file structure.cif (mmCIF, C-alpha atoms (C1' of nucleotides))
data_target
#
loop_
_atom_site.label_atom_id
_atom_site.label_comp_id
_atom_site.auth_asym_id
_atom_site.auth_seq_id
_atom_site.Cartn_x
_atom_site.Cartn_y
_atom_site.Cartn_z
CA MET X 1292 -18.09 31.77 -15.86
CA ASN X 1293 -14.47 30.83 -15.14
CA ILE X 1294 -13.30 28.54 -12.41
CA SER X 1295 -12.52 31.17 -9.79
CA GLU X 1296 -16.01 32.60 -10.02
CA ALA X 1297 -17.47 29.09 -9.74
CA ALA X 1298 -15.24 28.57 -6.74
CA ARG X 1299 -16.44 31.75 -5.11
CA ARG X 1300 -20.08 30.86 -5.65
CA SER X 1301 -19.84 27.21 -4.64
CA GLY X 1302 -17.64 27.55 -1.60
CA LEU X 1303 -14.95 25.25 -2.96
CA SER X 1304 -11.47 26.34 -4.02
CA ALA X 1305 -10.50 26.31 -7.69
CA LYS X 1306 -7.92 23.68 -6.83
CA THR X 1307 -10.57 21.50 -5.30
CA ILE X 1308 -12.85 21.83 -8.30
CA ARG X 1309 -10.07 20.71 -10.63
CA TYR X 1310 -9.32 17.88 -8.26
CA TYR X 1311 -12.94 16.73 -8.26
CA GLU X 1312 -12.86 16.73 -12.02
CA ASP X 1313 -9.62 14.76 -11.97
CA ILE X 1314 -11.03 11.99 -9.84
CA GLU X 1315 -14.22 12.02 -11.91
CA LEU X 1316 -16.43 13.04 -9.07
CA ILE X 1317 -17.91 15.62 -11.42
CA ALA X 1318 -18.11 15.63 -15.21
CA PRO X 1319 -15.30 17.41 -17.08
CA ALA X 1320 -16.19 21.07 -17.45
CA THR X 1321 -16.83 22.37 -20.92
CA ARG X 1322 -13.97 24.49 -22.21
CA GLY X 1323 -13.88 27.90 -23.86
CA GLU X 1324 -11.85 28.61 -26.97
CA ASN X 1325 -8.88 29.49 -24.79
CA GLY X 1326 -9.04 26.15 -23.00
CA TYR X 1327 -10.45 27.67 -19.81
CA ARG X 1328 -13.08 25.67 -17.93
CA GLN X 1329 -16.58 27.12 -18.18
CA TYR X 1330 -19.29 26.71 -15.55
CA ASP X 1331 -23.00 27.41 -15.67
CA ALA X 1332 -25.49 27.72 -12.82
CA LYS X 1333 -26.24 24.01 -12.89
CA ALA X 1334 -22.59 23.09 -12.54
CA VAL X 1335 -22.22 25.52 -9.67
CA GLU X 1336 -25.20 23.95 -7.95
CA GLU X 1337 -23.53 20.58 -8.06
CA LEU X 1338 -20.32 22.05 -6.68
CA HIS X 1339 -22.25 23.71 -3.93
CA PHE X 1340 -23.96 20.42 -3.16
CA LEU X 1341 -20.54 18.85 -2.74
CA ALA X 1342 -19.28 21.68 -0.56
CA ARG X 1343 -22.25 21.26 1.74
CA ALA X 1344 -21.92 17.50 1.91
CA ARG X 1345 -18.21 17.80 2.79
CA ASP X 1346 -19.08 20.44 5.40
CA VAL X 1347 -21.33 18.06 7.28
CA GLY X 1348 -18.75 15.31 7.32
CA PHE X 1349 -19.21 13.10 4.27
CA ASP X 1350 -16.05 11.81 2.65
CA LEU X 1351 -15.64 11.84 -1.10
CA HIS X 1352 -16.81 8.28 -1.51
CA GLU X 1353 -20.02 9.15 0.28
CA CYS X 1354 -20.32 12.37 -1.70
CA ARG X 1355 -20.24 10.25 -4.80
CA GLN X 1356 -23.16 8.21 -3.53
CA LEU X 1357 -25.08 11.32 -2.56
CA LEU X 1358 -24.51 12.83 -5.97
CA GLU X 1359 -25.79 9.68 -7.60
CA LEU X 1360 -28.93 9.89 -5.52
CA GLN X 1361 -29.23 13.55 -6.33
CA ARG X 1362 -29.11 12.77 -10.06
CA ASP X 1363 -31.33 9.70 -9.89
CA ARG X 1364 -34.95 10.51 -10.65
CA SER X 1365 -36.15 7.12 -9.38
CA ARG X 1366 -34.25 7.37 -6.13
CA GLN X 1367 -35.63 6.37 -2.75
CA SER X 1368 -35.23 8.91 -0.03
CA ARG X 1369 -34.52 6.24 2.53
CA HIS X 1370 -31.13 5.71 0.93
CA ALA X 1371 -30.14 9.29 1.62
CA ARG X 1372 -31.57 9.03 5.09
CA GLU X 1373 -29.52 5.94 5.82
CA LEU X 1374 -26.35 7.68 4.74
CA VAL X 1375 -27.14 10.65 6.95
CA LEU X 1376 -27.97 8.58 10.00
CA GLU X 1377 -24.90 6.44 9.60
CA LYS X 1378 -22.72 9.52 9.31
CA SER X 1379 -24.39 10.99 12.34
CA GLU X 1380 -23.53 7.90 14.33
CA GLN X 1381 -19.94 8.06 13.15
CA LEU X 1382 -19.68 11.65 14.28
CA GLN X 1383 -21.22 10.72 17.59
CA ALA X 1384 -18.66 7.99 18.12
CA ARG X 1385 -15.82 10.29 17.20
CA VAL X 1386 -17.10 12.96 19.57
CA GLU X 1387 -17.22 10.49 22.41
CA GLN X 1388 -13.68 9.41 21.69
CA LEU X 1389 -12.40 12.97 21.62
CA VAL X 1390 -14.22 13.88 24.80
CA SER X 1391 -12.70 10.91 26.55
CA MET X 1392 -9.24 11.93 25.34
CA GLN X 1393 -9.84 15.43 26.53
CA GLN X 1394 -10.85 14.23 29.96
CA VAL X 1395 -7.60 12.35 30.28
CA LEU X 1396 -5.72 15.52 29.33
CA GLN X 1397 -7.64 17.57 31.87
CA ALA X 1398 -6.93 15.03 34.56
CA MET X 1399 -3.26 15.14 33.72
CA ALA X 1400 -3.14 18.92 33.72
CA SER X 1401 -4.93 19.11 37.05
CA ARG X 1402 -2.27 16.96 38.68
CA CYS X 1403 0.64 18.93 37.22
CA ARG X 1404 1.99 21.93 39.04
CA GLY X 1405 3.06 23.55 35.80
CA ASP X 1406 5.88 25.57 37.32
CA GLU X 1407 9.58 26.09 36.68
CA GLY X 1408 10.57 22.78 38.24
CA PRO X 1409 11.16 19.45 36.48
CA GLU X 1410 8.70 17.42 38.47
CA CYS X 1411 5.76 16.78 36.18
CA ALA X 1412 2.71 14.65 36.73
CA ILE X 1413 1.90 14.80 33.03
CA LEU X 1414 5.16 13.28 31.90
CA ASP X 1415 4.94 10.73 34.70
CA ASP X 1416 1.46 9.83 33.56
CA LEU X 1417 2.55 9.37 29.99
CA ALA X 1418 5.51 7.30 31.04
CA HIS X 1419 3.91 4.97 33.53
CA ALA X 1420 0.15 5.16 33.30
CA SER X 1421 -1.76 1.98 32.68
CA LYS X 1422 -4.48 1.91 30.10
CA ASP X 1423 -7.22 3.36 32.24
CA ASN X 1424 -6.43 6.32 34.40
CA ARG X 1425 -9.42 8.52 34.26
CA MET G 419 13.64 -8.72 23.10
CA ASN G 420 12.67 -8.59 19.43
CA ILE G 421 10.45 -6.00 17.84
CA SER G 422 7.17 -7.89 18.05
CA GLU G 423 7.56 -8.37 21.78
CA ALA G 424 8.40 -4.68 22.19
CA ALA G 425 5.31 -3.93 20.13
CA ARG G 426 3.14 -6.11 22.32
CA ARG G 427 4.42 -4.50 25.50
CA SER G 428 4.34 -0.90 24.29
CA GLY G 429 1.02 -0.92 22.52
CA LEU G 430 2.49 0.10 19.17
CA SER G 431 2.72 -2.08 16.08
CA ALA G 432 6.08 -3.32 14.86
CA LYS G 433 5.48 -1.31 11.70
CA THR G 434 4.99 1.81 13.75
CA ILE G 435 8.13 1.23 15.79
CA ARG G 436 10.22 0.89 12.63
CA TYR G 437 8.55 4.00 11.28
CA TYR G 438 9.40 5.99 14.42
CA GLU G 439 12.99 4.90 14.05
CA ASP G 440 12.94 5.89 10.38
CA ILE G 441 11.80 9.42 11.11
CA GLU G 442 14.25 9.64 14.00
CA LEU G 443 11.60 10.07 16.62
CA ILE G 444 13.43 7.39 18.59
CA ALA G 445 17.08 6.37 18.49
CA PRO G 446 18.02 3.47 16.22
CA ALA G 447 17.60 0.22 18.08
CA THR G 448 20.68 -1.82 18.81
CA ARG G 449 20.94 -4.87 16.62
CA GLY G 450 21.65 -8.51 17.41
CA GLU G 451 24.12 -10.61 15.43
CA ASN G 452 21.39 -11.55 13.01
CA GLY G 453 20.56 -7.91 12.34
CA TYR G 454 17.33 -8.03 14.34
CA ARG G 455 16.43 -4.97 16.41
CA GLN G 456 16.82 -5.47 20.15
CA TYR G 457 14.83 -3.65 22.80
CA ASP G 458 15.31 -3.38 26.53
CA ALA G 459 12.89 -2.22 29.22
CA LYS G 460 13.99 1.39 28.86
CA ALA G 461 13.33 1.41 25.13
CA VAL G 462 9.92 -0.13 25.69
CA GLU G 463 9.12 2.56 28.21
CA GLU G 464 9.81 5.22 25.64
CA LEU G 465 7.65 3.43 23.10
CA HIS G 466 4.88 3.16 25.62
CA PHE G 467 5.22 6.85 26.37
CA LEU G 468 4.69 7.53 22.69
CA ALA G 469 1.73 5.20 22.46
CA ARG G 470 0.08 7.01 25.35
CA ALA G 471 0.79 10.44 23.95
CA ARG G 472 -0.69 9.44 20.58
CA ASP G 473 -3.71 7.97 22.35
CA VAL G 474 -4.58 11.27 23.95
CA GLY G 475 -4.31 13.16 20.71
CA PHE G 476 -0.79 14.46 20.27
CA ASP G 477 0.61 14.38 16.74
CA LEU G 478 4.13 13.19 16.09
CA HIS G 479 5.58 16.68 16.15
CA GLU G 480 4.13 17.22 19.60
CA CYS G 481 5.27 13.77 20.68
CA ARG G 482 8.77 14.83 19.75
CA GLN G 483 8.49 17.84 22.05
CA LEU G 484 7.07 15.73 24.86
CA LEU G 485 9.85 13.22 24.46
CA GLU G 486 12.41 16.00 24.66
CA LEU G 487 10.84 17.20 27.88
CA GLN G 488 10.75 13.67 29.18
CA ARG G 489 14.48 13.32 28.56
CA ASP G 490 15.44 16.76 29.81
CA ARG G 491 16.52 16.73 33.44
CA SER G 492 16.32 20.52 33.69
CA ARG G 493 12.86 20.73 32.17
CA GLN G 494 10.10 22.96 33.46
CA SER G 495 6.78 21.26 34.02
CA ARG G 496 4.89 24.29 32.77
CA HIS G 497 6.06 23.44 29.25
CA ALA G 498 4.35 20.08 29.40
CA ARG G 499 1.31 21.66 30.97
CA GLU G 500 1.08 24.19 28.17
CA LEU G 501 1.19 21.45 25.56
CA VAL G 502 -1.52 19.54 27.33
CA LEU G 503 -3.81 22.52 27.76
CA GLU G 504 -3.36 23.59 24.17
CA LYS G 505 -4.19 20.10 22.96
CA SER G 506 -7.19 20.03 25.21
CA GLU G 507 -8.45 23.23 23.64
CA GLN G 508 -7.91 21.84 20.19
CA LEU G 509 -9.92 18.76 21.05
CA GLN G 510 -12.62 20.95 22.54
CA ALA G 511 -12.84 22.98 19.34
CA ARG G 512 -12.98 19.87 17.21
CA VAL G 513 -15.71 18.40 19.37
CA GLU G 514 -17.79 21.52 19.01
CA GLN G 515 -17.36 21.44 15.27
CA LEU G 516 -18.38 17.79 15.05
CA VAL G 517 -21.38 18.32 17.29
CA SER G 518 -22.51 21.18 15.13
CA MET G 519 -22.16 19.05 12.02
CA GLN G 520 -24.09 16.29 13.67
CA GLN G 521 -26.90 18.64 14.57
CA VAL G 522 -27.22 19.65 10.94
CA LEU G 523 -27.40 15.99 9.96
CA GLN G 524 -30.05 15.30 12.57
CA ALA G 525 -32.09 18.24 11.39
CA MET G 526 -31.86 17.00 7.83
CA ALA G 527 -32.85 13.48 8.77
CA SER G 528 -35.80 14.71 10.78
CA ARG G 529 -37.21 16.50 7.76
CA CYS G 530 -36.76 13.55 5.42
CA ARG G 531 -39.45 10.95 5.12
CA GLY G 532 -36.94 8.24 4.30
CA ASP G 533 -39.32 6.13 2.30
CA GLU G 534 -39.43 4.54 -1.15
CA GLY G 535 -40.21 7.82 -2.90
CA PRO G 536 -37.77 10.21 -4.55
CA GLU G 537 -38.77 13.30 -2.61
CA CYS G 538 -35.98 13.95 -0.16
CA ALA G 539 -35.47 16.85 2.21
CA ILE G 540 -31.86 15.83 2.74
CA LEU G 541 -30.88 16.09 -0.88
CA ASP G 542 -32.88 19.30 -1.19
CA ASP G 543 -31.03 20.68 1.81
CA LEU G 544 -27.67 19.80 0.38
CA ALA G 545 -28.58 21.27 -2.97
CA HIS G 546 -30.10 24.55 -1.91
CA ALA G 547 -29.37 25.25 1.72
CA SER G 548 -27.68 28.49 2.59
CA LYS G 549 -24.77 28.49 4.98
CA ASP G 550 -26.77 28.47 8.19
CA ASN G 551 -29.71 26.16 8.41
CA ARG G 552 -29.64 24.83 11.90
"C1'" DC R 787 3.45 47.09 -24.74
"C1'" DT R 788 3.77 45.77 -20.42
"C1'" DT R 789 1.88 44.50 -15.98
"C1'" DG R 790 -1.07 41.94 -13.17
"C1'" DA R 791 -4.55 38.78 -12.73
"C1'" DC R 792 -6.27 35.15 -14.57
"C1'" DC R 793 -5.93 30.29 -16.53
"C1'" DT R 794 -3.52 25.61 -17.80
"C1'" DT R 795 -0.94 21.01 -16.62
"C1'" DA R 796 2.05 18.38 -13.89
"C1'" DC R 797 4.49 16.98 -10.04
"C1'" DA R 798 5.87 17.09 -5.05
"C1'" DG R 799 4.46 17.30 -0.27
"C1'" DT R 800 1.37 16.60 3.62
"C1'" DT R 801 0.07 12.76 8.07
"C1'" DA R 802 0.92 8.52 10.13
"C1'" DC R 803 1.16 4.83 9.14
"C1'" DA R 804 -0.57 -0.26 6.69
"C1'" DG R 805 0.07 -3.65 3.10
"C1'" DG R 806 2.85 -6.39 0.45
"C1'" DA R 807 6.90 -8.23 -2.03
"C1'" DA R 808 11.24 -10.55 -1.79
"C1'" DG R 809 14.28 -12.60 0.91
"C1'" DG R 810 17.12 -13.98 5.32
"C1'" DT R 811 16.65 -16.38 10.27
"C1'" DT R 812 15.02 -19.11 13.91
"C1'" DT R 813 12.43 -22.61 16.06
"C1'" DA R 814 9.67 -26.58 16.42
"C1'" DC R 815 8.61 -30.84 15.01
"C1'" DA R 816 8.37 -35.24 12.34
"C1'" DT O 1412 17.93 -33.90 8.72
"C1'" DG O 1413 14.53 -31.58 6.40
"C1'" DT O 1414 10.98 -28.44 6.28
"C1'" DA O 1415 7.35 -25.45 7.48
"C1'" DA O 1416 5.79 -21.84 10.41
"C1'" DA O 1417 6.81 -17.78 12.36
"C1'" DC O 1418 9.83 -14.54 12.88
"C1'" DC O 1419 12.83 -10.71 10.97
"C1'" DT O 1420 14.86 -7.37 7.26
"C1'" DT O 1421 14.50 -3.48 3.56
"C1'" DC O 1422 12.05 -1.23 0.03
"C1'" DC O 1423 8.13 0.40 -2.43
"C1'" DT O 1424 3.29 1.55 -2.93
"C1'" DG O 1425 -1.08 3.31 -1.33
"C1'" DT O 1426 -4.14 5.93 1.66
"C1'" DA O 1427 -7.48 11.01 2.00
"C1'" DA O 1428 -8.17 15.14 0.25
"C1'" DC O 1429 -6.28 18.21 -0.96
"C1'" DT O 1430 -2.35 22.45 -1.08
"C1'" DG O 1431 1.83 24.41 -2.93
"C1'" DT O 1432 4.80 25.33 -6.58
"C1'" DA O 1433 6.80 25.53 -11.13
"C1'" DA O 1434 6.52 26.71 -15.87
"C1'" DG O 1435 3.98 28.62 -19.06
"C1'" DG O 1436 -0.30 30.43 -21.88
"C1'" DT O 1437 -4.22 34.29 -21.92
"C1'" DC O 1438 -6.69 38.40 -21.09
"C1'" DA O 1439 -7.91 43.20 -19.73
"C1'" DA O 1440 -6.36 47.74 -18.37
"C1'" DG O 1441 -3.59 51.67 -18.84
#
call {"tool": "encode", "arguments": {"input": "structure.cif", "output": "structure tokens"}}
result
Amino acid sequence: MNISEAARRSGLSAKTIRYYEDIELIAPATRGENGYRQYDAKAVEELHFLARARDVGFDLHECRQLLELQRDRSRQSRHARELVLEKSEQLQARVEQLVSMQQVLQAMASRCRGDEGPECAILDDLAHASKDNR
Amino acid sequence: MNISEAARRSGLSAKTIRYYEDIELIAPATRGENGYRQYDAKAVEELHFLARARDVGFDLHECRQLLELQRDRSRQSRHARELVLEKSEQLQARVEQLVSMQQVLQAMASRCRGDEGPECAILDDLAHASKDNR
DNA sequence: CTTGACCTTACAGTTACAGGAAGGTTTACA
DNA sequence: TGTAAACCTTCCTGTAACTGTAAGGTCAAG
């Protein structure tokens, strides 16, 4: 199948597939007589694997590691588990950071009248607030 | 004061301050005889304003709008409020997305033995899972 | 035989900076 | 007085993970 069909089935864009080939995340696709890339079910599976891994938050470096594990017959599942748990912790940390930012925003908004006048607690906060005004 | 002192007081790096000047987010600093940038308390206030706005999640485009409001004597506080509430919603959406990703990771990890063997529910999940396995 | 939908490569642009090179200035100290 | 550290300057490159666009080749339908 051609690249757009592989894209459709894997959940990646054709652009992204070419990019992954470029950076040698995946092996170069075989080519038809016309020079078009050709994909079989196995190739699509790998692309789908990557799409899923990206979806749950792994960056391309980590995807590379996951793919290596996926290909390695003598792998140890604890390696994959470690990657997953580490990523989970990273997401957790990021969530906490975002929530804290959001709370600051909510606090700002609650103090601001939000009317037609120029007086604005938000802008005052941003201008003068010390590091911790929760 | 020189740039590194302005950096220290504002919470931005010297690199970042020069960058903000480059992209015309802030006015070019006045220069001393030696060509060094000079900052006064007012300039530092603006830098600090930017540092705070970035801290709570605004991108540079939004910072530009906030700065315009900050400078505008005939501003309407509802404009700032709208920016803040919109950003808050964006953060909220992002948090929900990250939490959902994290839940998938946790589910994967819970199914994986994580031992020395090659059998791995995580890699199987990534390889074969359909779009919704929560 | 042409039109539209594919495909190709290659290069620029995105965000918000950080790092580093090459060189000028200032300050402290021996 | 010399010099070394610690500033400062501009300019260029690199980052992550693509997306957009240009210029052009290919294929299938009508």
call {"tool": "resolve_selection", "arguments": {"input": "structure.cif", "expression": "the PyMOL selection byres ((chain O) within 12 of (chain G))", "output": "PDB file with C-alpha atoms (C1' of nucleotides), keeping the file's coordinate frame"}}
result
ATOM      1  C1'  DA O1417       6.810 -17.780  12.360  1.00  0.00           C
ATOM      2  C1'  DC O1418       9.830 -14.540  12.880  1.00  0.00           C
ATOM      3  C1'  DC O1419      12.830 -10.710  10.970  1.00  0.00           C
ATOM      4  C1'  DT O1420      14.860  -7.370   7.260  1.00  0.00           C
ATOM      5  C1'  DT O1421      14.500  -3.480   3.560  1.00  0.00           C
TER       6       DT O1421
END
call {"tool": "calpha_fit_rmsd", "arguments": {"input": "structure.cif", "fixed": "chain G", "moving": "chain X"}}
result
0.1 Å
call {"tool": "resolve_selection", "arguments": {"input": "structure.cif", "expression": "the PyMOL selection byres ((chain G) within 8 of (chain R))", "output": "list of chain:residue names"}}
result
G:Lys433, G:Thr434, G:Tyr437, G:Asn452
call {"tool": "write_last_selection", "arguments": {"input": "structure.cif", "atoms": "C-alpha atoms", "output": "short mmCIF file (atom, residue, chain, number, x, y, z; two decimals), keeping the file's coordinate frame"}}
result
data_model
loop_
_atom_site.label_atom_id
_atom_site.label_comp_id
_atom_site.auth_asym_id
_atom_site.auth_seq_id
_atom_site.Cartn_x
_atom_site.Cartn_y
_atom_site.Cartn_z
CA LYS G 433 5.48 -1.31 11.70
CA THR G 434 4.99 1.81 13.75
CA TYR G 437 8.55 4.00 11.28
CA ASN G 452 21.39 -11.55 13.01
#
call {"tool": "closest_residue", "arguments": {"input": "structure.cif", "among": "G:Asp477, G:Glu463, G:Glu442, G:Glu486", "to": "chain X", "atoms": "only C-alpha atoms"}}
result
G:Glu463
call {"tool": "resolve_selection", "arguments": {"input": "structure.cif", "expression": "the PyMOL selection byres ((chain G) within 6 of (chain X))", "output": "PyMOL selection string"}}
result
chain G and resi 467+470+474+492-496+499+506+513+519-520+527+532-536+538+544-545
call {"tool": "atom_distance", "arguments": {"input": "structure.cif", "atom1": "atom CA of G:Ile444", "atom2": "atom CA of G:Ser431"}}
result
14.5 Å
call {"tool": "atom_distance", "arguments": {"input": "structure.cif", "atom1": "atom CA of G:Arg436", "atom2": "atom CA of G:Tyr457"}}
result
12.1 Å
call {"tool": "atom_distance", "arguments": {"input": "structure.cif", "atom1": "atom CA of G:Gln483", "atom2": "atom CA of G:Glu439"}}
result
15.9 Å
